[in-house]
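Have a look at upload.txt; it's compact mmCIF, C-alpha atoms:
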```txt
# COMPACT_ATOMS: atom_id res chain seq x y z
CA GLY A 81 107.87 124.45 76.51
CA SER A 82 106.47 126.97 78.97
CA ASP A 83 107.80 128.54 82.16
CA ILE A 84 105.25 127.12 84.58
CA LEU A 85 106.69 129.02 87.56
CA ALA A 86 106.81 132.80 87.80
CA VAL A 87 108.65 132.55 91.15
CA PRO A 88 110.13 129.19 92.29
CA PRO A 89 109.29 127.72 95.70
CA ALA A 90 111.08 129.48 98.58
CA TRP A 91 111.17 128.84 102.32
CA THR A 92 111.26 131.36 105.16
CA VAL A 93 111.54 130.66 108.89
CA ASN A 94 110.87 133.32 111.51
CA GLY A 95 110.80 135.84 108.68
CA GLN A 96 114.26 134.90 107.36
CA ARG A 97 114.82 133.27 104.00
CA ILE A 98 116.77 130.01 104.11
CA GLN A 99 120.23 130.26 102.52
CA TRP A 100 121.08 127.10 100.61
CA SER A 101 124.47 125.48 99.94
CA ARG A 102 126.23 122.18 99.12
CA PHE A 103 123.96 121.28 96.22
CA ASN A 104 124.89 117.80 95.06
CA VAL A 105 123.68 115.34 92.42
CA TYR A 106 124.73 112.17 94.18
CA ALA A 107 123.13 109.52 91.97
CA VAL A 108 121.65 109.29 88.47
CA HIS A 109 119.64 106.26 87.42
CA PRO A 110 117.69 105.62 84.20
CA ASP A 111 114.43 106.68 85.86
CA VAL A 112 115.44 109.08 88.66
CA ALA A 113 118.12 111.57 89.68
CA GLU A 114 118.89 111.92 93.40
CA LEU A 115 119.89 115.31 94.77
CA SER A 116 120.84 116.75 98.15
CA GLY A 117 121.90 119.94 99.88
CA SER A 118 121.84 121.92 103.09
CA GLY A 119 120.89 125.33 104.36
CA SER A 120 120.55 127.56 107.40
CA ALA A 121 118.46 130.43 108.75
CA ASP A 122 117.95 132.01 112.19
CA GLY A 123 120.13 129.44 113.95
CA LEU A 124 118.37 126.46 112.38
CA LYS A 125 119.99 123.89 110.12
CA PHE A 126 118.30 122.31 107.12
CA GLN A 127 119.11 119.15 105.17
CA TRP A 128 117.21 118.10 102.08
CA LYS A 129 117.08 115.22 99.64
CA GLY A 130 115.30 115.36 96.30
CA GLU A 131 114.24 112.77 93.76
CA LEU A 132 113.50 113.95 90.21
CA TRP A 133 111.59 111.16 88.49
CA PHE A 134 111.12 110.29 84.83
CA GLU A 135 107.54 111.56 84.64
CA GLY A 136 108.31 114.91 86.30
CA VAL A 137 107.55 114.08 89.93
CA TYR A 138 109.96 115.93 92.21
CA LYS A 139 109.90 114.45 95.71
CA LEU A 140 111.45 116.55 98.46
CA VAL A 141 112.33 115.46 102.00
CA LEU A 142 113.30 118.47 104.13
CA ILE A 143 114.64 118.19 107.69
CA MET A 144 114.76 121.20 110.01
CA SER A 145 117.02 120.81 113.06
CA PRO A 146 117.58 123.13 116.06
CA ASP A 147 120.74 123.50 118.11
CA GLY A 148 119.12 122.67 121.43
CA LYS A 149 115.65 124.19 121.75
CA LYS A 150 114.37 126.82 119.33
CA ARG A 151 111.20 128.90 119.23
CA ILE A 152 109.54 128.81 115.82
CA ASP A 153 107.05 131.59 115.18
CA SER A 154 106.60 130.99 111.46
CA PHE A 155 107.70 128.57 108.78
CA GLN A 156 106.35 129.29 105.32
CA LEU A 157 106.58 128.00 101.74
CA SER A 158 105.67 130.30 98.83
CA TRP A 159 105.73 130.22 95.04
CA SER A 160 103.95 131.85 92.10
CA VAL A 161 102.70 130.76 88.69
CA PRO A 162 101.65 132.91 85.72
CA ALA A 163 97.92 133.63 85.83
CA GLU A 164 97.35 131.51 82.71
CA PHE A 165 98.47 128.47 84.72
CA GLY A 166 96.39 129.41 87.74
CA LYS A 167 93.01 129.92 86.12
CA TYR A 168 91.67 126.90 87.98
CA VAL A 169 92.53 125.60 91.45
CA LEU A 170 91.82 122.02 92.58
CA SER A 171 92.38 120.50 96.03
CA PRO A 172 91.22 118.02 94.58
CA LEU A 173 87.76 119.44 93.87
CA LEU A 174 87.50 122.72 91.99
CA ASP A 175 87.81 125.76 94.27
CA PRO A 176 86.18 128.96 92.98
CA TRP A 177 88.02 132.27 93.07
CA VAL A 178 86.30 134.81 95.33
CA ASP A 179 87.64 138.36 95.01
CA ASN A 180 90.85 136.91 93.55
CA LYS A 181 91.52 134.83 96.65
CA ILE A 182 91.21 131.20 97.76
CA SER A 183 91.94 129.88 101.27
CA LYS A 184 92.24 126.17 102.08
CA ARG A 185 92.76 124.08 105.20
CA TYR A 186 94.68 120.80 105.12
CA GLU A 187 92.92 118.61 107.65
CA ILE A 188 92.20 114.89 107.66
CA LEU A 189 88.64 114.60 108.90
CA GLN A 190 88.04 111.12 107.50
CA PRO A 191 91.11 108.96 106.78
CA ASN A 192 89.15 106.72 104.43
CA SER A 193 87.90 109.60 102.33
CA ASN A 194 89.32 109.11 98.85
CA ARG A 195 89.94 112.81 98.39
CA ASP A 196 93.60 113.39 99.13
CA PHE A 197 94.82 116.95 99.68
CA PHE A 198 96.95 118.92 97.23
CA ILE A 199 97.07 122.35 95.60
CA TRP A 200 96.90 122.14 91.82
CA THR A 201 96.90 125.40 89.90
CA THR A 202 96.24 124.89 86.20
CA GLY A 203 95.11 126.38 82.95
CA SER A 204 93.20 124.49 80.28
CA GLU A 205 96.21 122.23 79.75
CA LYS A 206 99.31 123.10 81.78
CA GLY A 207 99.70 123.63 85.51
CA PHE A 208 101.67 123.05 88.69
CA LEU A 209 100.87 120.74 91.60
CA TRP A 210 102.04 120.67 95.21
CA TRP A 211 101.28 117.70 97.44
CA PRO A 212 102.21 117.39 101.15
CA LYS A 213 102.50 113.87 102.54
CA SER A 214 100.98 114.76 105.90
CA THR A 215 100.51 117.49 108.48
CA ALA A 216 103.46 116.12 110.46
CA ASN A 217 105.28 119.06 112.10
CA TRP A 218 102.68 121.58 111.00
CA VAL A 219 101.65 123.90 113.84
CA ASN A 220 98.52 125.95 113.25
CA SER A 221 95.41 127.16 115.01
CA PRO A 222 92.58 124.59 115.13
CA THR A 223 90.48 126.09 112.32
CA GLU A 224 93.15 128.00 110.42
CA LYS A 225 93.24 127.80 106.64
CA GLN A 226 96.97 127.32 106.17
CA ILE A 227 97.11 127.78 102.39
CA THR A 228 96.24 131.06 100.70
CA LEU A 229 96.17 131.69 96.95
CA THR A 230 96.11 135.28 95.68
CA ARG A 231 95.61 136.36 92.07
CA THR A 232 97.11 139.73 91.17
CA ASP A 233 99.33 141.45 88.58
CA GLY A 234 99.30 138.55 86.15
CA VAL A 235 100.40 135.90 88.64
CA VAL A 236 98.89 133.52 91.17
CA LYS A 237 100.82 133.36 94.43
CA VAL A 238 100.56 130.42 96.80
CA ASP A 239 101.48 130.83 100.48
CA ALA A 240 101.55 127.73 102.69
CA ALA A 241 101.82 128.47 106.41
CA ILE A 242 103.43 125.26 107.69
CA ILE A 243 103.97 126.80 111.13
CA SER A 244 101.91 129.86 111.99
CA LYS A 245 101.56 129.45 115.74
CA PRO A 246 104.56 129.83 118.12
CA ALA A 247 106.03 126.46 119.08
CA GLU A 248 109.25 125.14 120.60
CA LEU A 249 111.28 122.75 118.48
CA ALA A 250 113.61 120.48 120.47
CA LYS A 251 114.43 117.85 117.83
CA SER A 252 114.52 117.46 114.05
CA ALA A 253 111.28 117.98 112.13
CA GLU A 254 110.85 116.23 108.78
CA TYR A 255 108.62 117.27 105.88
CA THR A 256 107.89 115.25 102.73
CA MET A 257 106.18 116.71 99.67
CA VAL A 258 105.98 116.57 95.89
CA PHE A 259 106.11 119.29 93.25
CA MET A 260 105.11 118.54 89.67
CA ALA A 261 104.46 120.36 86.41
CA THR A 262 101.38 118.96 84.68
CA PRO A 263 100.48 117.13 82.56
CA ALA A 264 103.15 114.45 82.94
CA LYS A 265 102.88 113.47 79.28
CA PRO A 266 100.44 113.75 76.35
CA ALA A 267 97.47 111.43 76.10
CA PRO A 268 98.25 108.07 74.42
CA ALA A 269 98.20 108.25 70.64
CA ASP A 270 95.36 105.70 70.46
CA ALA A 271 93.23 107.32 73.17
CA ARG A 272 90.43 108.31 70.78
CA SER A 273 90.25 104.86 69.23
CA PHE A 274 90.16 102.95 72.52
CA ASN A 275 86.44 102.30 73.04
CA LEU A 276 85.86 100.56 76.36
CA SER A 277 82.86 98.47 77.45
CA GLY A 278 79.43 97.90 76.00
CA TRP A 279 79.53 94.10 76.30
CA GLY A 280 79.88 93.79 72.54
CA LYS A 281 76.55 95.54 71.92
CA VAL A 282 77.91 99.04 71.31
CA LYS A 283 79.17 99.98 67.86
CA HIS A 284 82.97 100.42 67.64
CA SER A 285 83.52 98.82 71.06
CA ASN A 286 86.97 97.20 71.02
CA ALA A 287 87.77 96.70 74.72
CA GLN A 288 85.85 95.11 77.58
CA ILE A 289 86.41 94.65 81.30
CA MET A 290 86.00 91.02 82.37
CA GLY A 291 86.13 89.33 85.76
CA TRP A 292 82.85 90.66 87.13
CA GLY A 293 81.78 87.08 87.75
CA THR A 294 84.11 86.99 90.74
CA TRP A 295 81.60 89.19 92.57
CA GLU A 296 78.73 86.77 91.95
CA ALA A 297 77.60 84.20 94.54
CA LYS A 298 77.73 81.40 91.99
CA ASP A 299 80.77 80.03 90.17
CA THR A 300 81.57 81.58 86.79
CA GLU A 301 84.17 80.72 84.17
CA GLU A 302 85.99 84.05 84.68
CA ASP A 303 86.29 83.75 88.48
CA CYS A 304 89.47 84.83 90.24
CA THR A 305 90.40 83.85 93.79
CA SER A 306 89.26 87.32 94.90
CA ALA A 307 88.29 90.62 93.33
CA ALA A 308 91.91 91.77 93.62
CA GLY A 309 93.66 88.40 93.44
CA HIS A 310 95.00 88.46 89.86
CA VAL A 311 94.71 84.65 89.98
CA PRO A 312 92.09 82.78 87.88
CA VAL A 313 90.38 79.95 89.77
CA ASN A 314 90.34 77.79 86.64
CA PRO A 315 92.93 78.98 84.08
CA VAL A 316 91.45 76.83 81.29
CA LYS A 317 87.91 78.20 81.66
CA PHE A 318 89.30 81.72 82.18
CA GLY A 319 91.26 81.35 78.94
CA LYS A 320 88.10 80.40 77.05
CA VAL A 321 86.40 83.63 78.19
CA VAL A 322 89.40 85.58 76.93
CA GLU A 323 89.24 83.72 73.61
CA ASN A 324 85.51 84.41 73.26
CA TRP A 325 86.08 88.15 73.56
CA THR A 326 89.04 88.27 71.21
CA ALA A 327 87.09 86.25 68.62
CA LYS A 328 84.65 89.18 68.51
CA GLY A 329 87.46 91.66 67.87
CA ILE A 330 87.25 92.90 71.45
CA THR A 331 90.27 92.89 73.77
CA PRO A 332 89.42 91.89 77.36
CA TYR A 333 90.97 93.47 80.47
CA LEU A 334 90.76 91.87 83.89
CA TYR A 335 88.98 93.74 86.66
CA SER A 336 91.03 94.08 89.83
CA MET A 337 92.07 96.51 92.57
CA PRO A 338 95.60 97.67 93.41
CA ALA A 339 97.62 96.72 96.50
CA GLN A 340 95.01 94.53 98.17
CA VAL A 341 95.00 91.06 99.71
CA ALA A 342 92.05 88.86 100.57
CA SER A 343 91.10 86.81 103.58
CA ASN A 344 91.48 83.61 101.55
CA ASP A 345 95.13 84.41 100.70
CA ALA A 346 97.79 82.64 102.75
CA GLU A 347 99.70 85.94 102.76
CA TYR A 348 96.77 87.57 104.56
CA ASP A 349 97.30 85.38 107.62
CA TYR A 350 101.07 85.88 107.70
CA PHE A 351 101.61 89.50 106.64
CA PHE A 352 98.43 91.57 106.68
CA ALA A 353 99.06 93.27 110.03
CA GLU A 354 102.30 94.73 108.69
CA TRP A 355 101.07 95.50 105.16
CA ALA A 356 97.62 96.87 106.04
CA LYS A 357 96.42 100.39 105.42
CA THR A 358 94.91 101.42 108.72
CA PRO A 359 92.20 102.25 109.46
CA THR A 360 90.98 99.73 106.93
CA TYR A 361 87.96 99.58 104.66
CA THR A 362 86.71 96.39 103.07
CA HIS A 363 85.00 94.92 100.03
CA SER A 364 83.51 91.49 100.51
CA ILE A 365 82.23 88.69 98.33
CA THR A 366 80.17 85.70 99.41
CA LYS A 367 81.05 82.81 97.13
CA LYS A 368 79.12 79.56 97.64
CA GLY A 369 78.42 80.60 101.24
CA THR A 370 82.01 81.59 102.04
CA ARG A 371 82.75 85.24 102.70
CA ILE A 372 85.94 86.58 101.08
CA ILE A 373 87.12 89.98 102.34
CA ASN A 374 89.40 92.23 100.31
CA GLU A 375 91.43 94.78 102.30
CA PRO A 376 93.88 97.47 101.16
CA CYS A 377 97.60 97.54 101.87
CA CYS A 378 100.20 100.26 101.42
CA GLY A 379 101.99 99.74 98.13
CA HIS A 380 105.55 100.23 99.41
CA THR A 381 105.23 96.97 101.40
CA PRO A 382 105.93 93.48 99.98
CA VAL A 383 102.31 93.25 98.82
CA THR A 384 103.66 94.79 95.61
CA ASP A 385 106.21 91.99 95.19
CA LEU A 386 103.37 89.49 95.54
CA LEU A 387 101.10 91.23 93.01
CA ALA A 388 103.93 91.86 90.52
CA TYR A 389 104.64 88.11 90.59
CA ARG A 390 100.97 87.26 90.14
CA THR A 391 100.57 89.77 87.30
CA ASP A 392 103.59 88.42 85.44
CA LYS A 393 102.24 84.86 85.80
CA LEU A 394 98.76 85.96 84.67
CA PHE A 395 100.12 87.58 81.51
CA ARG A 396 102.35 84.62 80.69
CA GLU A 397 99.41 82.22 80.98
CA SER A 398 96.88 84.52 79.24
CA PRO A 399 98.70 85.92 76.19
CA LYS A 400 95.54 87.43 74.67
CA LEU A 401 94.43 89.25 77.83
CA GLY A 402 94.83 92.96 77.08
CA GLY A 403 95.90 93.97 80.56
CA LEU A 404 94.39 95.08 83.86
CA TYR A 405 91.64 97.47 84.85
CA TYR A 406 92.29 98.74 88.38
CA ASP A 407 89.22 99.96 90.22
CA LEU A 408 89.63 101.97 93.43
CA SER A 409 93.00 103.43 92.38
CA ASP A 410 92.46 106.22 94.85
CA VAL A 411 94.43 107.83 97.67
CA ARG A 412 93.50 107.73 101.34
CA HIS A 413 95.45 108.08 104.62
CA CYS A 414 97.20 105.57 106.85
CA ASN A 415 98.60 105.42 110.41
CA ASN A 416 100.18 101.96 110.37
CA VAL A 417 103.56 102.64 111.99
CA LEU A 418 104.61 99.02 111.31
CA HIS A 419 105.44 100.07 107.75
CA GLY A 420 106.26 103.74 108.34
CA CYS A 421 102.93 105.53 108.00
CA GLY A 422 101.72 108.00 110.60
CA GLY A 423 103.15 108.42 114.07
CA THR A 424 103.88 111.30 116.45
CA ASP A 425 105.68 114.36 115.11
CA ALA A 426 108.49 116.46 116.62
CA PHE A 427 105.95 118.66 118.41
CA GLY A 428 104.19 115.69 120.03
CA LYS A 429 101.20 115.73 117.67
CA PRO A 430 99.82 112.48 116.17
CA TYR A 431 99.50 112.45 112.40
CA MET A 432 98.46 110.26 109.48
CA SER A 433 100.20 109.89 106.13
CA SER A 434 98.76 110.08 102.63
CA ILE A 435 99.31 106.81 100.79
CA ALA A 436 99.86 108.55 97.41
CA LEU A 437 103.55 107.72 97.09
CA ASN A 438 102.95 104.21 98.43
CA LEU A 439 100.28 103.59 95.80
CA ARG A 440 102.64 105.02 93.19
CA GLU A 441 105.27 102.41 94.13
CA ASN A 442 102.71 99.67 93.52
CA LEU A 443 101.48 101.09 90.23
CA LYS A 444 105.00 101.65 88.89
CA ARG A 445 105.83 97.98 89.45
CA ILE A 446 102.61 96.72 87.89
CA TYR A 447 103.08 99.07 84.95
CA GLN A 448 106.61 97.76 84.42
CA VAL A 449 105.29 94.19 84.30
CA SER A 450 102.46 95.26 81.98
CA HIS A 451 104.82 97.15 79.68
CA ALA A 452 107.20 94.17 79.51
CA HIS A 453 104.31 92.03 78.26
CA LYS A 454 102.97 94.81 75.97
CA ARG A 455 99.73 95.08 77.96
CA LYS A 456 97.77 98.09 79.18
CA LEU A 457 97.17 99.17 82.78
CA MET A 458 94.00 101.23 83.29
CA LEU A 459 93.44 103.17 86.51
CA HIS A 460 90.09 104.33 87.84
CA ALA A 461 90.47 106.89 90.63
CA HIS A 462 87.11 105.83 92.00
CA SER A 463 84.86 108.78 92.95
CA LEU A 464 87.89 111.04 93.46
CA PHE A 465 86.65 113.96 91.41
```
Let me see whether you can do it: turn the structure in this file into structure tokens.
Amino acid sequence: GSDILAVPPAWTVNGQRIQWSRFNVYAVHPDVAELSGSGSADGLKFQWKGELWFEGVYKLVLIMSPDGKKRIDSFQLSWSVPAEFGKYVLSPLLDPWVDNKISKRYEILQPNSNRDFFIWTTGSEKGFLWWPKSTANWVNSPTEKQITLTRTDGVVKVDAAIISKPAELAKSAEYTMVFMATPAKPAPADARSFNLSGWGKVKHSNAQIMGWGTWEAKDTEEDCTSAAGHVPVNPVKFGKVVENWTAKGITPYLYSMPAQVASNDAEYDYFFAEWAKTPTYTHSITKKGTRIINEPCCGHTPVTDLLAYRTDKLFRESPKLGGLYYDLSDVRHCNNVLHGCGGTDAFGKPYMSSIALNLRENLKRIYQVSHAHKRKLMLHAHSLF
């Protein structure tokens, strides 16, 4: 292994470093360990909870609380990585070094942009990623670039100015973020022998995405109830398409999209307002004159229960289907307070939340179902990079 961090993440408030205490491992499960602790600095109290997950995701929820009202002039997070793990910086697009410095601004200009914000310092293979859930309880000047990376003396230092403009805190302020060493795991052993697509016309092709007929105006044998429904319209005809591919030595995978419901689902009428990612974006199909609209939901809502059930049923009824191909597995932002996204922060500022962890909840569940049936789950982070 390698020491990815030269200096671990550290917090300062009003120029004082937070002093931590009461570290506690309060639960250990097969896939996650749950941690907690507290701290103090400059008359402020801090409580934190951490979740260290099986693939290396470390989720941190930090709560800063005043005793009455407290002026905050600065609140900063800093860490450093060896220069070999900071050769490249992505946020998510590649940011060039200019005079050994990079400055970035976290700002949500378009909530349906599929380019979530994070700071990922990396070498050719190994790196370190930091992802903030939102700008809730950040206080900065309107055009300020809150994150600065500096490359010097064999290290890359990252400084994140969470609060850089004087503000009065009168109630608790909560921050959620993720730290992660990358990559999570090596590439699958069969990655170089998995040759996707080509419709059987490309030499060595052994996998094919099916289900495109759902998008067509006419009926096809591989139709599903919607482009993200996971439910074949006619299981017998669908099964024949699967058999035709496997007879050619090609394993088929069903096209779909994660955490979505369609206007022709009964669940859409009952639950969509609560489940919906807002503001929404849509993908529509016109099938025999009827328009079917697919819309995204946040994956920590019961939409994941619905799709896990449908996926399990699909795999039980289609034993030769290789798995799922998820298009549009990308991360956007949401302000649907009905399920806990967005809101107004402790300083009175409205904010939106990244759906990254919500999508992760959905994909974990679908992966568990896929793994139980010995199927593959492919993710396409559509147009992200």
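Checking A:Gly319, A:Gly420, A:Pro89, A:Pro359 one by one against A:Leu401, counting only C-alpha atoms, you find the shortest gap at A:Gly319.
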Query raised in the report: Got a sec: who's within 9 Å of A:Ala90, counting only C-alpha atoms, leaving out chain neighbours fewer than 6 positions off, as an NGL selection string?
Result: :A and (97-98 or 156-159)
Only C-alpha atoms, please: the residues just picked out, written as a CSV table (one decimal), in the frame of the given file.
```csv
chain,number,residue,atom,x,y,z
A,97,ARG,CA,114.8,133.3,104.0
A,98,ILE,CA,116.8,130.0,104.1
A,156,GLN,CA,106.4,129.3,105.3
A,157,LEU,CA,106.6,128.0,101.7
A,158,SER,CA,105.7,130.3,98.8
A,159,TRP,CA,105.7,130.2,95.0
```
Taking only C-alpha atoms into account, produce a table as JSON lines in which each residue of stretch 244-312 of chain A with an atom at most 7 Å from an atom of stretch 423-434 of chain A appears once, together with its shortest atom pair and the distance in Å to one decimal, ordered by chain and rising number.
```
{"residue": "A:Leu249", "atom": "CA", "partner": "A:Phe427", "partner_atom": "CA", "distance": 6.7}
{"residue": "A:Lys251", "atom": "CA", "partner": "A:Ala426", "partner_atom": "CA", "distance": 6.2}
{"residue": "A:Ser252", "atom": "CA", "partner": "A:Ala426", "partner_atom": "CA", "distance": 6.6}
{"residue": "A:Ala253", "atom": "CA", "partner": "A:Ala426", "partner_atom": "CA", "distance": 5.5}
```
Requested in this report: For A:His453, list every protein, DNA or RNA residue within 10 Å, evaluated using all atoms listed in the file, and leave out those in the same chain fewer than 2 positions away; present the list as a ChimeraX atom specification.
Outcome: /A:392,395-396,399,402-403,447-451,455-456
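Proximity to A:Leu334 was assessed for A:Phe208, A:Trp292, A:Tyr348, A:Trp355 counting only C-alpha atoms; the smallest distance is recorded for A:Trp292.
Using all atoms listed in the file, the shortest contact distance between A:Thr223 and any of A:Gln127, A:Asn104, A:Ser183, A:Thr358 is found at A:Ser183.
Between atom CA of A:His310 and atom CA of A:Glu375 there is a distance of 14.4 Å.
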